[in-house]
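Data file: run-v6.cif. Format and content: mmCIF, C-alpha atoms (C1' of nucleotides).
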data_work
#
loop_
_atom_site.group_PDB
_atom_site.id
_atom_site.type_symbol
_atom_site.label_atom_id
_atom_site.label_comp_id
_atom_site.auth_asym_id
_atom_site.auth_seq_id
_atom_site.Cartn_x
_atom_site.Cartn_y
_atom_site.Cartn_z
ATOM 1 C CA MET R 1 1.770 20.794 -23.151
ATOM 2 C CA ASN R 2 -1.681 22.043 -22.216
ATOM 3 C CA ALA R 3 -2.434 23.733 -25.494
ATOM 4 C CA PHE R 4 -5.813 24.808 -24.198
ATOM 5 C CA GLY R 5 -4.538 26.949 -21.365
ATOM 6 C CA GLU R 6 -1.925 28.520 -23.566
ATOM 7 C CA LYS R 7 -4.541 29.354 -26.162
ATOM 8 C CA ILE R 8 -6.696 31.060 -23.562
ATOM 9 C CA ARG R 9 -3.741 33.063 -22.361
ATOM 10 C CA GLU R 10 -2.922 34.071 -25.902
ATOM 11 C CA LEU R 11 -6.464 35.245 -26.527
ATOM 12 C CA ARG R 12 -6.586 37.101 -23.247
ATOM 13 C CA LYS R 13 -3.310 38.910 -23.878
ATOM 14 C CA ALA R 14 -4.487 39.809 -27.354
ATOM 15 C CA LYS R 15 -7.373 41.623 -25.717
ATOM 16 C CA GLY R 16 -5.102 43.227 -23.164
ATOM 17 C CA PHE R 17 -6.956 41.815 -20.171
ATOM 18 C CA SER R 18 -5.391 40.890 -16.871
ATOM 19 C CA LEU R 19 -6.588 37.835 -14.967
ATOM 20 C CA ARG R 20 -8.324 40.042 -12.437
ATOM 21 C CA THR R 21 -10.067 41.942 -15.216
ATOM 22 C CA LEU R 22 -11.206 38.954 -17.209
ATOM 23 C CA ALA R 23 -12.313 36.788 -14.305
ATOM 24 C CA PRO R 24 -15.485 38.724 -13.422
ATOM 25 C CA MET R 25 -16.307 39.049 -17.119
ATOM 26 C CA VAL R 26 -16.632 35.294 -17.412
ATOM 27 C CA GLY R 27 -17.962 34.833 -13.916
ATOM 28 C CA VAL R 28 -15.125 33.078 -12.103
ATOM 29 C CA GLY R 29 -12.405 33.969 -9.631
ATOM 30 C CA TYR R 30 -9.034 35.152 -10.893
ATOM 31 C CA SER R 31 -7.126 32.416 -9.128
ATOM 32 C CA TYR R 32 -9.197 29.789 -10.867
ATOM 33 C CA LEU R 33 -8.511 31.419 -14.189
ATOM 34 C CA SER R 34 -4.795 31.300 -13.539
ATOM 35 C CA LYS R 35 -5.030 27.606 -12.810
ATOM 36 C CA VAL R 36 -6.985 27.101 -16.003
ATOM 37 C CA GLU R 37 -4.301 28.760 -18.083
ATOM 38 C CA ASN R 38 -1.576 26.743 -16.390
ATOM 39 C CA GLY R 39 -3.442 23.458 -16.382
ATOM 40 C CA LYS R 40 -3.268 23.231 -12.613
ATOM 41 C CA LEU R 41 -6.871 22.540 -11.803
ATOM 42 C CA ASP R 42 -7.535 20.432 -8.732
ATOM 43 C CA PHE R 43 -9.418 17.974 -10.852
ATOM 44 C CA GLY R 44 -9.126 17.245 -14.548
ATOM 45 C CA ASP R 45 -7.325 19.656 -16.793
ATOM 46 C CA SER R 46 -10.040 21.713 -18.333
ATOM 47 C CA PRO R 47 -12.889 23.799 -16.991
ATOM 48 C CA SER R 48 -16.583 23.262 -17.578
ATOM 49 C CA GLU R 49 -18.120 23.501 -20.995
ATOM 50 C CA ALA R 50 -20.081 26.500 -19.798
ATOM 51 C CA LEU R 51 -16.930 28.395 -18.872
ATOM 52 C CA ILE R 52 -15.263 27.537 -22.169
ATOM 53 C CA HIS R 53 -18.299 28.940 -23.888
ATOM 54 C CA ARG R 54 -18.095 32.222 -22.006
ATOM 55 C CA LEU R 55 -14.359 32.448 -22.610
ATOM 56 C CA ALA R 56 -14.806 31.945 -26.339
ATOM 57 C CA ASP R 57 -17.481 34.587 -26.305
ATOM 58 C CA THR R 58 -15.597 37.189 -24.327
ATOM 59 C CA LEU R 59 -12.260 36.627 -26.029
ATOM 60 C CA ASP R 60 -13.637 36.185 -29.543
ATOM 61 C CA GLY R 61 -12.229 32.699 -29.816
ATOM 62 C CA ASP R 62 -13.478 29.758 -31.828
ATOM 63 C CA GLU R 63 -15.602 27.853 -29.342
ATOM 64 C CA ASP R 64 -15.416 24.471 -31.046
ATOM 65 C CA GLU R 65 -11.671 24.764 -31.440
ATOM 66 C CA LEU R 66 -11.335 25.535 -27.755
ATOM 67 C CA LEU R 67 -13.614 22.673 -26.771
ATOM 68 C CA LEU R 68 -11.558 20.247 -28.819
ATOM 69 C CA MET R 69 -8.368 21.552 -27.268
ATOM 70 C CA ALA R 70 -9.932 20.898 -23.890
ATOM 71 C CA GLY R 71 -10.673 17.310 -24.883
ATOM 72 C CA ARG R 72 -14.399 17.835 -25.220
ATOM 73 C CA ILE R 73 -16.624 17.042 -28.172
ATOM 74 C CA PRO R 74 -18.516 20.086 -29.476
ATOM 75 C CA GLU R 75 -22.230 19.684 -29.806
ATOM 76 C CA SER R 76 -22.098 20.437 -33.524
ATOM 77 C CA ILE R 77 -20.133 17.230 -33.935
ATOM 78 C CA SER R 78 -21.895 15.020 -31.414
ATOM 79 C CA ARG R 79 -25.255 15.956 -32.887
ATOM 80 C CA ARG R 80 -24.143 14.656 -36.240
ATOM 81 C CA ILE R 81 -22.742 11.495 -34.709
ATOM 82 C CA LEU R 82 -25.937 10.650 -32.866
ATOM 83 C CA ASP R 83 -27.810 11.299 -36.087
ATOM 84 C CA GLN R 84 -25.598 9.057 -38.218
ATOM 85 C CA PRO R 85 -23.961 6.657 -35.816
ATOM 86 C CA GLU R 86 -22.955 3.978 -38.329
ATOM 87 C CA VAL R 87 -20.863 6.316 -40.419
ATOM 88 C CA PHE R 88 -18.898 7.552 -37.455
ATOM 89 C CA ARG R 89 -18.430 4.106 -35.976
ATOM 90 C CA ALA R 90 -16.845 3.146 -39.262
ATOM 91 C CA LEU R 91 -14.692 6.262 -39.215
ATOM 92 C CA ALA R 92 -13.522 5.528 -35.704
ATOM 93 C CA ASN R 93 -12.244 2.125 -36.754
ATOM 94 C CA CYS R 94 -10.858 2.714 -40.213
ATOM 95 C CA ASP R 95 -7.156 3.098 -40.799
ATOM 96 C CA ASP R 96 -5.412 6.440 -41.061
ATOM 97 C CA GLU R 97 -5.057 6.147 -44.835
ATOM 98 C CA THR R 98 -8.789 5.897 -45.314
ATOM 99 C CA LEU R 99 -9.452 8.746 -42.922
ATOM 100 C CA LYS R 100 -7.034 10.914 -44.808
ATOM 101 C CA SER R 101 -8.777 10.266 -48.103
ATOM 102 C CA VAL R 102 -12.049 11.137 -46.409
ATOM 103 C CA ALA R 103 -10.525 14.405 -45.300
ATOM 104 C CA ASN R 104 -9.709 15.284 -48.905
ATOM 105 C CA THR R 105 -13.179 14.349 -50.090
ATOM 106 C CA VAL R 106 -14.871 16.626 -47.613
ATOM 107 C CA GLN R 107 -12.391 19.432 -47.306
ATOM 108 C CA LYS R 108 -13.806 21.926 -49.784
ATOM 109 C CA ASP R 109 -17.410 21.296 -48.936
ATOM 110 C CA LEU R 110 -17.920 23.929 -46.282
ATOM 111 C CA THR R 111 -20.748 25.617 -48.133
ATOM 112 C CA GLY R 112 -23.192 23.313 -46.416
ATOM 113 C CA ARG R 113 -25.651 24.060 -43.721
ATOM 114 C CA GLY R 114 -25.823 23.826 -40.003
ATOM 115 C CA GLU R 115 -23.346 25.724 -37.886
ATOM 116 C CA ARG R 116 -20.881 27.731 -39.781
ATOM 117 C CA PRO R 117 -17.825 28.994 -37.959
ATOM 118 C CA ARG R 118 -18.953 32.245 -36.450
ATOM 119 C CA ARG R 119 -15.737 34.145 -36.728
ATOM 120 C CA SER R 120 -12.431 34.176 -38.381
ATOM 121 C CA HIS R 121 -9.176 34.067 -36.508
ATOM 122 C CA MET E 122 -39.484 6.255 -27.079
ATOM 123 C CA ASN E 123 -36.461 5.545 -24.932
ATOM 124 C CA ALA E 124 -34.883 2.990 -27.198
ATOM 125 C CA PHE E 125 -32.023 2.575 -24.768
ATOM 126 C CA GLY E 126 -34.068 1.318 -21.858
ATOM 127 C CA GLU E 127 -36.020 -1.012 -24.085
ATOM 128 C CA LYS E 128 -32.822 -2.429 -25.478
ATOM 129 C CA ILE E 129 -31.504 -3.116 -22.003
ATOM 130 C CA ARG E 130 -34.712 -4.841 -21.065
ATOM 131 C CA GLU E 131 -34.567 -6.917 -24.221
ATOM 132 C CA LEU E 132 -31.005 -8.002 -23.484
ATOM 133 C CA ARG E 133 -31.836 -8.764 -19.876
ATOM 134 C CA LYS E 134 -34.876 -10.875 -20.785
ATOM 135 C CA ALA E 135 -32.803 -12.695 -23.375
ATOM 136 C CA LYS E 136 -30.516 -13.754 -20.561
ATOM 137 C CA GLY E 137 -33.433 -14.671 -18.329
ATOM 138 C CA PHE E 138 -32.432 -12.296 -15.555
ATOM 139 C CA SER E 139 -34.787 -10.513 -13.220
ATOM 140 C CA LEU E 140 -34.055 -6.969 -12.091
ATOM 141 C CA ARG E 141 -33.027 -8.210 -8.667
ATOM 142 C CA THR E 142 -30.698 -10.753 -10.195
ATOM 143 C CA LEU E 143 -29.021 -8.424 -12.630
ATOM 144 C CA ALA E 144 -28.664 -5.445 -10.318
ATOM 145 C CA PRO E 145 -25.887 -6.831 -8.089
ATOM 146 C CA MET E 146 -24.115 -8.180 -11.165
ATOM 147 C CA VAL E 147 -23.658 -4.663 -12.490
ATOM 148 C CA GLY E 148 -23.256 -3.101 -9.081
ATOM 149 C CA VAL E 149 -26.414 -1.027 -8.680
ATOM 150 C CA GLY E 150 -29.743 -1.339 -6.909
ATOM 151 C CA TYR E 151 -32.628 -3.077 -8.608
ATOM 152 C CA SER E 152 -34.841 -0.042 -8.280
ATOM 153 C CA TYR E 153 -32.372 2.034 -10.200
ATOM 154 C CA LEU E 154 -32.309 -0.535 -12.967
ATOM 155 C CA SER E 155 -36.057 -0.384 -13.260
ATOM 156 C CA LYS E 156 -35.891 3.356 -13.704
ATOM 157 C CA VAL E 157 -33.190 2.955 -16.300
ATOM 158 C CA GLU E 158 -35.290 0.572 -18.363
ATOM 159 C CA ASN E 159 -38.324 2.811 -18.126
ATOM 160 C CA GLY E 160 -36.469 6.054 -18.676
ATOM 161 C CA LYS E 161 -37.662 7.382 -15.323
ATOM 162 C CA LEU E 162 -34.399 8.583 -13.936
ATOM 163 C CA ASP E 163 -34.617 11.623 -11.715
ATOM 164 C CA PHE E 164 -32.321 13.403 -14.055
ATOM 165 C CA GLY E 165 -31.637 12.818 -17.734
ATOM 166 C CA ASP E 166 -32.670 9.597 -19.340
ATOM 167 C CA SER E 167 -29.600 7.450 -19.299
ATOM 168 C CA PRO E 168 -27.264 6.120 -16.626
ATOM 169 C CA SER E 169 -23.551 6.742 -16.265
ATOM 170 C CA GLU E 170 -21.107 5.603 -18.880
ATOM 171 C CA ALA E 171 -19.605 3.224 -16.345
ATOM 172 C CA LEU E 172 -22.926 1.478 -15.789
ATOM 173 C CA ILE E 173 -23.586 1.193 -19.506
ATOM 174 C CA HIS E 174 -20.208 -0.455 -19.825
ATOM 175 C CA ARG E 175 -20.993 -3.036 -17.163
ATOM 176 C CA LEU E 176 -24.419 -3.673 -18.649
ATOM 177 C CA ALA E 177 -22.952 -4.276 -22.078
ATOM 178 C CA ASP E 178 -20.442 -6.604 -20.520
ATOM 179 C CA THR E 179 -22.866 -8.616 -18.439
ATOM 180 C CA LEU E 180 -25.591 -8.806 -21.059
ATOM 181 C CA ASP E 181 -23.277 -9.363 -24.012
ATOM 182 C CA GLY E 182 -24.475 -6.213 -25.720
ATOM 183 C CA ASP E 183 -22.600 -3.966 -28.092
ATOM 184 C CA GLU E 184 -21.206 -1.283 -25.813
ATOM 185 C CA ASP E 185 -20.794 1.415 -28.428
ATOM 186 C CA GLU E 186 -24.259 0.800 -29.774
ATOM 187 C CA LEU E 187 -25.693 1.148 -26.293
ATOM 188 C CA LEU E 188 -23.706 4.307 -25.623
ATOM 189 C CA LEU E 189 -24.973 5.870 -28.814
ATOM 190 C CA MET E 190 -28.538 4.902 -27.942
ATOM 191 C CA ALA E 191 -28.000 6.660 -24.626
ATOM 192 C CA GLY E 192 -26.884 9.781 -26.448
ATOM 193 C CA ARG E 193 -23.266 9.429 -25.428
ATOM 194 C CA ILE E 194 -20.193 9.415 -27.629
ATOM 195 C CA PRO E 195 -18.143 6.221 -27.286
ATOM 196 C CA GLU E 196 -14.504 6.680 -26.455
ATOM 197 C CA SER E 197 -13.472 4.831 -29.611
ATOM 198 C CA ILE E 198 -15.012 7.679 -31.563
ATOM 199 C CA SER E 199 -14.054 10.625 -29.385
ATOM 200 C CA ARG E 200 -10.447 9.469 -29.301
ATOM 201 C CA ARG E 201 -10.348 9.623 -33.058
ATOM 202 C CA ILE E 202 -12.000 13.029 -33.101
ATOM 203 C CA LEU E 203 -9.545 14.557 -30.655
ATOM 204 C CA ASP E 204 -6.759 13.080 -32.727
ATOM 205 C CA GLN E 205 -8.027 14.444 -36.037
ATOM 206 C CA PRO E 206 -10.262 17.379 -35.167
ATOM 207 C CA GLU E 207 -10.234 19.092 -38.548
ATOM 208 C CA VAL E 208 -11.617 16.092 -40.379
ATOM 209 C CA PHE E 209 -14.517 15.733 -38.004
ATOM 210 C CA ARG E 210 -15.294 19.418 -37.884
ATOM 211 C CA ALA E 211 -15.627 19.238 -41.640
ATOM 212 C CA LEU E 212 -17.808 16.152 -41.367
ATOM 213 C CA ALA E 213 -20.052 17.852 -38.849
ATOM 214 C CA ASN E 214 -20.767 20.661 -41.272
ATOM 215 C CA CYS E 215 -20.890 18.942 -44.631
ATOM 216 C CA ASP E 216 -24.181 18.107 -46.325
ATOM 217 C CA ASP E 217 -25.857 14.712 -46.135
ATOM 218 C CA GLU E 218 -24.863 13.857 -49.694
ATOM 219 C CA THR E 219 -21.199 14.176 -48.891
ATOM 220 C CA LEU E 220 -21.546 12.277 -45.663
ATOM 221 C CA LYS E 221 -23.262 9.479 -47.509
ATOM 222 C CA SER E 222 -20.463 9.210 -50.013
ATOM 223 C CA VAL E 223 -18.037 9.103 -47.127
ATOM 224 C CA ALA E 224 -20.018 6.241 -45.670
ATOM 225 C CA ASN E 225 -19.586 4.276 -48.880
ATOM 226 C CA THR E 226 -15.872 4.964 -49.024
ATOM 227 C CA VAL E 227 -15.314 3.637 -45.546
ATOM 228 C CA GLN E 228 -17.956 0.953 -45.384
ATOM 229 C CA LYS E 229 -15.913 -2.073 -46.358
ATOM 230 C CA ASP E 230 -13.243 -1.389 -43.797
ATOM 231 C CA LEU E 231 -15.064 -3.115 -40.971
ATOM 232 C CA THR E 232 -13.184 -6.384 -41.134
ATOM 233 C CA GLY E 233 -12.121 -6.103 -37.531
ATOM 234 C CA ARG E 234 -15.482 -6.276 -35.831
ATOM 235 C CA GLY E 235 -14.957 -7.221 -32.202
ATOM 236 C CA GLU E 236 -11.426 -5.997 -31.703
ATOM 237 C CA ARG E 237 -10.719 -2.360 -32.062
ATOM 238 C CA PRO E 238 -7.630 -1.687 -34.113
ATOM 239 C CA ARG E 239 -4.860 -0.366 -31.923
ATOM 240 C CA ARG E 240 -2.942 2.174 -33.832
ATOM 241 C CA SER E 241 0.064 4.140 -32.845
ATOM 242 C CA HIS E 242 -0.047 7.890 -32.693
ATOM 243 C "C1'" DG C 243 -50.854 -17.292 0.830
ATOM 244 C "C1'" DT C 244 -46.220 -16.757 -0.418
ATOM 245 C "C1'" DA C 245 -42.811 -16.140 -3.659
ATOM 246 C "C1'" DC C 246 -41.701 -14.129 -7.034
ATOM 247 C "C1'" DT C 247 -41.846 -9.987 -10.323
ATOM 248 C "C1'" DG C 248 -41.517 -4.851 -11.451
ATOM 249 C "C1'" DT C 249 -42.726 0.297 -9.948
ATOM 250 C "C1'" DT C 250 -42.311 4.574 -7.478
ATOM 251 C "C1'" DG C 251 -41.357 8.375 -4.050
ATOM 252 C "C1'" DC C 252 -38.130 10.090 -1.213
ATOM 253 C "C1'" DC C 253 -33.507 9.998 0.604
ATOM 254 C "C1'" DT C 254 -28.308 10.022 0.632
ATOM 255 C "C1'" DT C 255 -23.710 10.004 -1.540
ATOM 256 C "C1'" DT C 256 -20.354 11.391 -4.853
ATOM 257 C "C1'" DT C 257 -18.338 14.243 -8.152
ATOM 258 C "C1'" DA C 258 -17.266 18.281 -10.954
ATOM 259 C "C1'" DC C 259 -16.663 22.588 -10.628
ATOM 260 C "C1'" DC C 260 -15.894 26.113 -8.675
ATOM 261 C "C1'" DT C 261 -15.142 30.183 -4.308
ATOM 262 C "C1'" DG C 262 -12.318 33.031 -1.727
ATOM 263 C "C1'" DC C 263 -8.718 34.264 0.745
ATOM 264 C "C1'" DA C 264 -3.963 34.675 1.868
ATOM 265 C "C1'" DA C 265 0.599 35.000 0.981
ATOM 266 C "C1'" DC C 266 4.268 35.398 -2.205
ATOM 267 C "C1'" DA C 267 7.484 36.798 -6.240
ATOM 268 C "C1'" DA C 268 8.009 39.363 -10.428
ATOM 269 C "C1'" DT C 269 7.406 43.392 -13.120
ATOM 270 C "C1'" DC C 270 6.621 48.192 -14.012
ATOM 271 C "C1'" DG C 271 5.546 53.183 -14.074
ATOM 272 C "C1'" DT C 272 6.745 57.353 -11.755
ATOM 273 C "C1'" DA I 273 13.125 53.219 -4.521
ATOM 274 C "C1'" DC I 274 8.285 52.809 -3.766
ATOM 275 C "C1'" DG I 275 3.722 51.360 -4.304
ATOM 276 C "C1'" DA I 276 0.682 49.332 -7.628
ATOM 277 C "C1'" DT I 277 -0.340 45.860 -10.515
ATOM 278 C "C1'" DT I 278 0.309 41.253 -12.236
ATOM 279 C "C1'" DG I 279 0.454 36.371 -12.010
ATOM 280 C "C1'" DT I 280 1.155 31.838 -8.932
ATOM 281 C "C1'" DT I 281 -0.033 28.621 -5.564
ATOM 282 C "C1'" DG I 282 -1.946 26.274 -1.410
ATOM 283 C "C1'" DC I 283 -5.667 25.284 1.141
ATOM 284 C "C1'" DA I 284 -10.148 24.922 3.020
ATOM 285 C "C1'" DG I 285 -14.001 24.789 1.938
ATOM 286 C "C1'" DG I 286 -19.249 25.186 -0.863
ATOM 287 C "C1'" DT I 287 -22.864 23.901 -4.247
ATOM 288 C "C1'" DA I 288 -25.722 21.821 -7.541
ATOM 289 C "C1'" DA I 289 -26.371 18.218 -10.339
ATOM 290 C "C1'" DA I 290 -25.561 13.403 -11.225
ATOM 291 C "C1'" DA I 291 -25.830 8.861 -9.637
ATOM 292 C "C1'" DG I 292 -27.674 5.654 -6.967
ATOM 293 C "C1'" DG I 293 -30.016 3.274 -2.370
ATOM 294 C "C1'" DC I 294 -34.054 1.897 0.612
ATOM 295 C "C1'" DA I 295 -38.464 0.499 1.648
ATOM 296 C "C1'" DA I 296 -43.047 0.217 0.817
ATOM 297 C "C1'" DC I 297 -46.147 -0.835 -2.781
ATOM 298 C "C1'" DA I 298 -48.786 -3.601 -6.670
ATOM 299 C "C1'" DG I 299 -49.402 -7.192 -10.029
ATOM 300 C "C1'" DT I 300 -48.917 -12.069 -11.404
ATOM 301 C "C1'" DA I 301 -48.384 -16.999 -10.921
ATOM 302 C "C1'" DC I 302 -47.762 -20.872 -8.598
#

Would you give me this structure, written as structure tokens?
Amino acid sequence: MNAFGEKIRELRKAKGFSLRTLAPMVGVGYSYLSKVENGKLDFGDSPSEALIHRLADTLDGDEDELLLMAGRIPESISRRILDQPEVFRALANCDDETLKSVANTVQKDLTGRGERPRRSH
Amino acid sequence: MNAFGEKIRELRKAKGFSLRTLAPMVGVGYSYLSKVENGKLDFGDSPSEALIHRLADTLDGDEDELLLMAGRIPESISRRILDQPEVFRALANCDDETLKSVANTVQKDLTGRGERPRRSH
DNA sequence: GTACTGTTGCCTTTTACCTGCAACAATCGT
DNA sequence: ACGATTGTTGCAGGTAAAAGGCAACAGTAC
């Protein structure tokens, strides 16, 4: 469990950083970072959105993916929801079948506008 | 502006409550309620999710509608997003055309209005 | 006037998110 | 084998923003 922490660790290792090296880069203490990776935070099980942002930046991770792993809704998504609430209320309540068919409808349409994924991984 | 506060006021008036009557019913001070309705909170422009919940309850309002008006994502929606992130990431980035067609696909699946469908996962 | 109503400025509490050390075990290069 | 580096964990806080409380005020209506 705790996919988020494991993902962070994976990204960090990929860069060859130690906890004590990375910590000041993202502006936190190394002990806190360790707890983040192991899901042992005093409260909750994910750090602030701001820290996730800096981690994604520093480690070249996909910010939205990380946010979702941390149980948070990325702004790119929430913006769209607040803009078109009815659609998403329907999507929240429809059955899995319907949602799946929606997935297929939309899947190849990533040529659109707005935020494009900023990096590949 | 501040559709949320106006909606609360509308619901409250509909019930014939004064600020001082409603306040203890939802567990806050009357002065705070006034600020909520007028969008004059010290910070932000909407109260906590917990308070919105109690307001919806007491005033027989649609909780999710109120949450969305307050710029917050209802749990019914965020639960679905965290469960099926890829679909919603696609939906966040697709063009309005596509989203509209999605709306039509899903539209008629609202037969369970009040009760949220409990699905296993 | 007095009995309500709503408004506003300033104050306190609570919570989320960390800090920072200290002490420890494990691993590793030399 | 030794010190250096790495990660883990407990604890004892700190801080800034979020959330809300209190009391004095002003309008209206009886």

Fit result for chain R on chain E over all paired C-alpha atoms, given as a CSV table (one decimal) with C-alpha atoms, in the frame of the given file:
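Here's the written file superposed_5.csv:
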chain,number,residue,atom,x,y,z
R,1,MET,CA,-38.8,5.7,-27.8
R,2,ASN,CA,-35.8,5.2,-25.5
R,3,ALA,CA,-34.0,2.7,-27.6
R,4,PHE,CA,-31.3,2.4,-25.0
R,5,GLY,CA,-33.4,1.1,-22.2
R,6,GLU,CA,-35.1,-1.3,-24.5
R,7,LYS,CA,-31.8,-2.6,-25.7
R,8,ILE,CA,-30.6,-3.2,-22.2
R,9,ARG,CA,-33.8,-5.1,-21.4
R,10,GLU,CA,-33.3,-7.2,-24.5
R,11,LEU,CA,-29.8,-8.1,-23.5
R,12,ARG,CA,-30.8,-8.8,-20.0
R,13,LYS,CA,-33.7,-11.1,-21.0
R,14,ALA,CA,-31.4,-12.9,-23.5
R,15,LYS,CA,-29.2,-13.8,-20.5
R,16,GLY,CA,-32.2,-14.8,-18.4
R,17,PHE,CA,-31.5,-12.3,-15.6
R,18,SER,CA,-34.1,-10.7,-13.5
R,19,LEU,CA,-33.6,-7.1,-12.4
R,20,ARG,CA,-32.9,-8.2,-8.9
R,21,THR,CA,-30.3,-10.6,-10.2
R,22,LEU,CA,-28.5,-8.3,-12.5
R,23,ALA,CA,-28.5,-5.2,-10.3
R,24,PRO,CA,-25.8,-6.4,-7.8
R,25,MET,CA,-23.8,-7.7,-10.8
R,26,VAL,CA,-23.4,-4.2,-12.1
R,27,GLY,CA,-23.3,-2.6,-8.7
R,28,VAL,CA,-26.6,-0.7,-8.6
R,29,GLY,CA,-30.0,-1.1,-7.0
R,30,TYR,CA,-32.8,-3.0,-8.8
R,31,SER,CA,-35.2,-0.1,-8.8
R,32,TYR,CA,-32.6,2.1,-10.5
R,33,LEU,CA,-32.1,-0.5,-13.1
R,34,SER,CA,-35.8,-0.6,-13.8
R,35,LYS,CA,-35.9,3.1,-14.3
R,36,VAL,CA,-33.0,2.9,-16.6
R,37,GLU,CA,-34.8,0.3,-18.8
R,38,ASN,CA,-37.9,2.5,-18.8
R,39,GLY,CA,-36.2,5.8,-19.3
R,40,LYS,CA,-37.6,7.1,-16.0
R,41,LEU,CA,-34.5,8.4,-14.4
R,42,ASP,CA,-35.0,11.4,-12.1
R,43,PHE,CA,-32.5,13.3,-14.2
R,44,GLY,CA,-31.5,12.9,-17.8
R,45,ASP,CA,-32.4,9.7,-19.6
R,46,SER,CA,-29.3,7.6,-19.4
R,47,PRO,CA,-27.1,6.4,-16.6
R,48,SER,CA,-23.4,7.1,-16.1
R,49,GLU,CA,-20.8,6.0,-18.6
R,50,ALA,CA,-19.4,3.8,-16.0
R,51,LEU,CA,-22.6,1.9,-15.5
R,52,ILE,CA,-23.1,1.5,-19.3
R,53,HIS,CA,-19.6,0.0,-19.4
R,54,ARG,CA,-20.4,-2.5,-16.7
R,55,LEU,CA,-23.7,-3.4,-18.4
R,56,ALA,CA,-22.0,-3.9,-21.7
R,57,ASP,CA,-19.5,-6.1,-20.0
R,58,THR,CA,-22.0,-8.2,-18.0
R,59,LEU,CA,-24.5,-8.6,-20.8
R,60,ASP,CA,-22.0,-9.1,-23.6
R,61,GLY,CA,-23.3,-6.0,-25.4
R,62,ASP,CA,-21.4,-3.7,-27.8
R,63,GLU,CA,-20.3,-0.9,-25.5
R,64,ASP,CA,-19.9,1.8,-28.1
R,65,GLU,CA,-23.3,1.0,-29.6
R,66,LEU,CA,-24.8,1.3,-26.2
R,67,LEU,CA,-23.1,4.6,-25.5
R,68,LEU,CA,-24.3,6.0,-28.7
R,69,MET,CA,-27.8,4.9,-28.0
R,70,ALA,CA,-27.5,6.7,-24.7
R,71,GLY,CA,-26.5,9.9,-26.5
R,72,ARG,CA,-22.9,9.7,-25.4
R,73,ILE,CA,-19.8,9.8,-27.6
R,74,PRO,CA,-17.5,6.8,-27.1
R,75,GLU,CA,-13.9,7.5,-26.4
R,76,SER,CA,-12.8,5.6,-29.5
R,77,ILE,CA,-14.5,8.3,-31.5
R,78,SER,CA,-13.7,11.4,-29.4
R,79,ARG,CA,-10.1,10.4,-29.3
R,80,ARG,CA,-10.0,10.5,-33.1
R,81,ILE,CA,-11.8,13.8,-33.2
R,82,LEU,CA,-9.4,15.5,-30.8
R,83,ASP,CA,-6.6,14.2,-32.8
R,84,GLN,CA,-7.9,15.4,-36.2
R,85,PRO,CA,-10.3,18.2,-35.3
R,86,GLU,CA,-10.4,19.9,-38.7
R,87,VAL,CA,-11.6,16.8,-40.5
R,88,PHE,CA,-14.5,16.3,-38.1
R,89,ARG,CA,-15.5,20.0,-38.1
R,90,ALA,CA,-15.8,19.7,-41.8
R,91,LEU,CA,-17.8,16.5,-41.5
R,92,ALA,CA,-20.2,18.1,-39.0
R,93,ASN,CA,-21.0,20.9,-41.4
R,94,CYS,CA,-21.1,19.1,-44.7
R,95,ASP,CA,-24.4,18.2,-46.3
R,96,ASP,CA,-25.9,14.7,-46.1
R,97,GLU,CA,-25.0,13.8,-49.6
R,98,THR,CA,-21.3,14.4,-48.9
R,99,LEU,CA,-21.5,12.5,-45.7
R,100,LYS,CA,-23.1,9.6,-47.4
R,101,SER,CA,-20.3,9.4,-50.0
R,102,VAL,CA,-17.8,9.4,-47.2
R,103,ALA,CA,-19.6,6.5,-45.6
R,104,ASN,CA,-19.2,4.5,-48.8
R,105,THR,CA,-15.5,5.4,-49.0
R,106,VAL,CA,-14.8,4.2,-45.6
R,107,GLN,CA,-17.2,1.4,-45.2
R,108,LYS,CA,-15.0,-1.6,-46.1
R,109,ASP,CA,-11.9,-0.3,-44.4
R,110,LEU,CA,-12.3,-2.0,-41.1
R,111,THR,CA,-9.0,-3.8,-41.2
R,112,GLY,CA,-7.3,-0.8,-39.7
R,113,ARG,CA,-5.9,-0.4,-36.2
R,114,GLY,CA,-7.0,0.9,-32.9
R,115,GLU,CA,-10.1,-0.5,-31.2
R,116,ARG,CA,-11.7,-3.3,-33.1
R,117,PRO,CA,-15.2,-4.3,-32.1
R,118,ARG,CA,-14.7,-6.8,-29.3
R,119,ARG,CA,-17.6,-9.0,-30.0
R,120,SER,CA,-20.1,-9.9,-32.5
R,121,HIS,CA,-23.8,-9.6,-31.9

Picked residues, the PyMOL selection byres ((chain E and resi 146-158) around 12), expected as a ChimeraX atom specification: /E:122-134,138-145,159-169,171-180,191 /C:247-251 /I:291-295

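Taking CA of Asn93 in chain R as the reference point, CA of Ser199 in chain E is found at 11.4 Å.
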
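The space separating CA of Leu82 in chain R from CA of Leu187 in chain E comes to 11.6 Å.
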
So the first atom is CA of Asp96 in chain R and the second is CA of Ala224 in chain E; what is the distance between them in Å, to one decimal place? 15.3 Å

Residues of chain E were defined as contacting chain R if any atom lay at most 6 Å from it, counting all atoms listed in the file; please report them as a VMD selection string. chain E and resid 198 201 208 213 215 to 216 224 230

Please write the residues picked by the PyMOL selection byres ((chain C) within 10 of (chain R)) on this file as a PDB file with C-alpha atoms (C1' of nucleotides), keeping the file's coordinate frame.
ATOM      1  C1'  DA C 258     -17.266  18.281 -10.954  1.00  0.00           C
ATOM      2  C1'  DC C 259     -16.663  22.588 -10.628  1.00  0.00           C
ATOM      3  C1'  DC C 260     -15.894  26.113  -8.675  1.00  0.00           C
ATOM      4  C1'  DT C 261     -15.142  30.183  -4.308  1.00  0.00           C
ATOM      5  C1'  DG C 262     -12.318  33.031  -1.727  1.00  0.00           C
TER       6       DG C 262
END
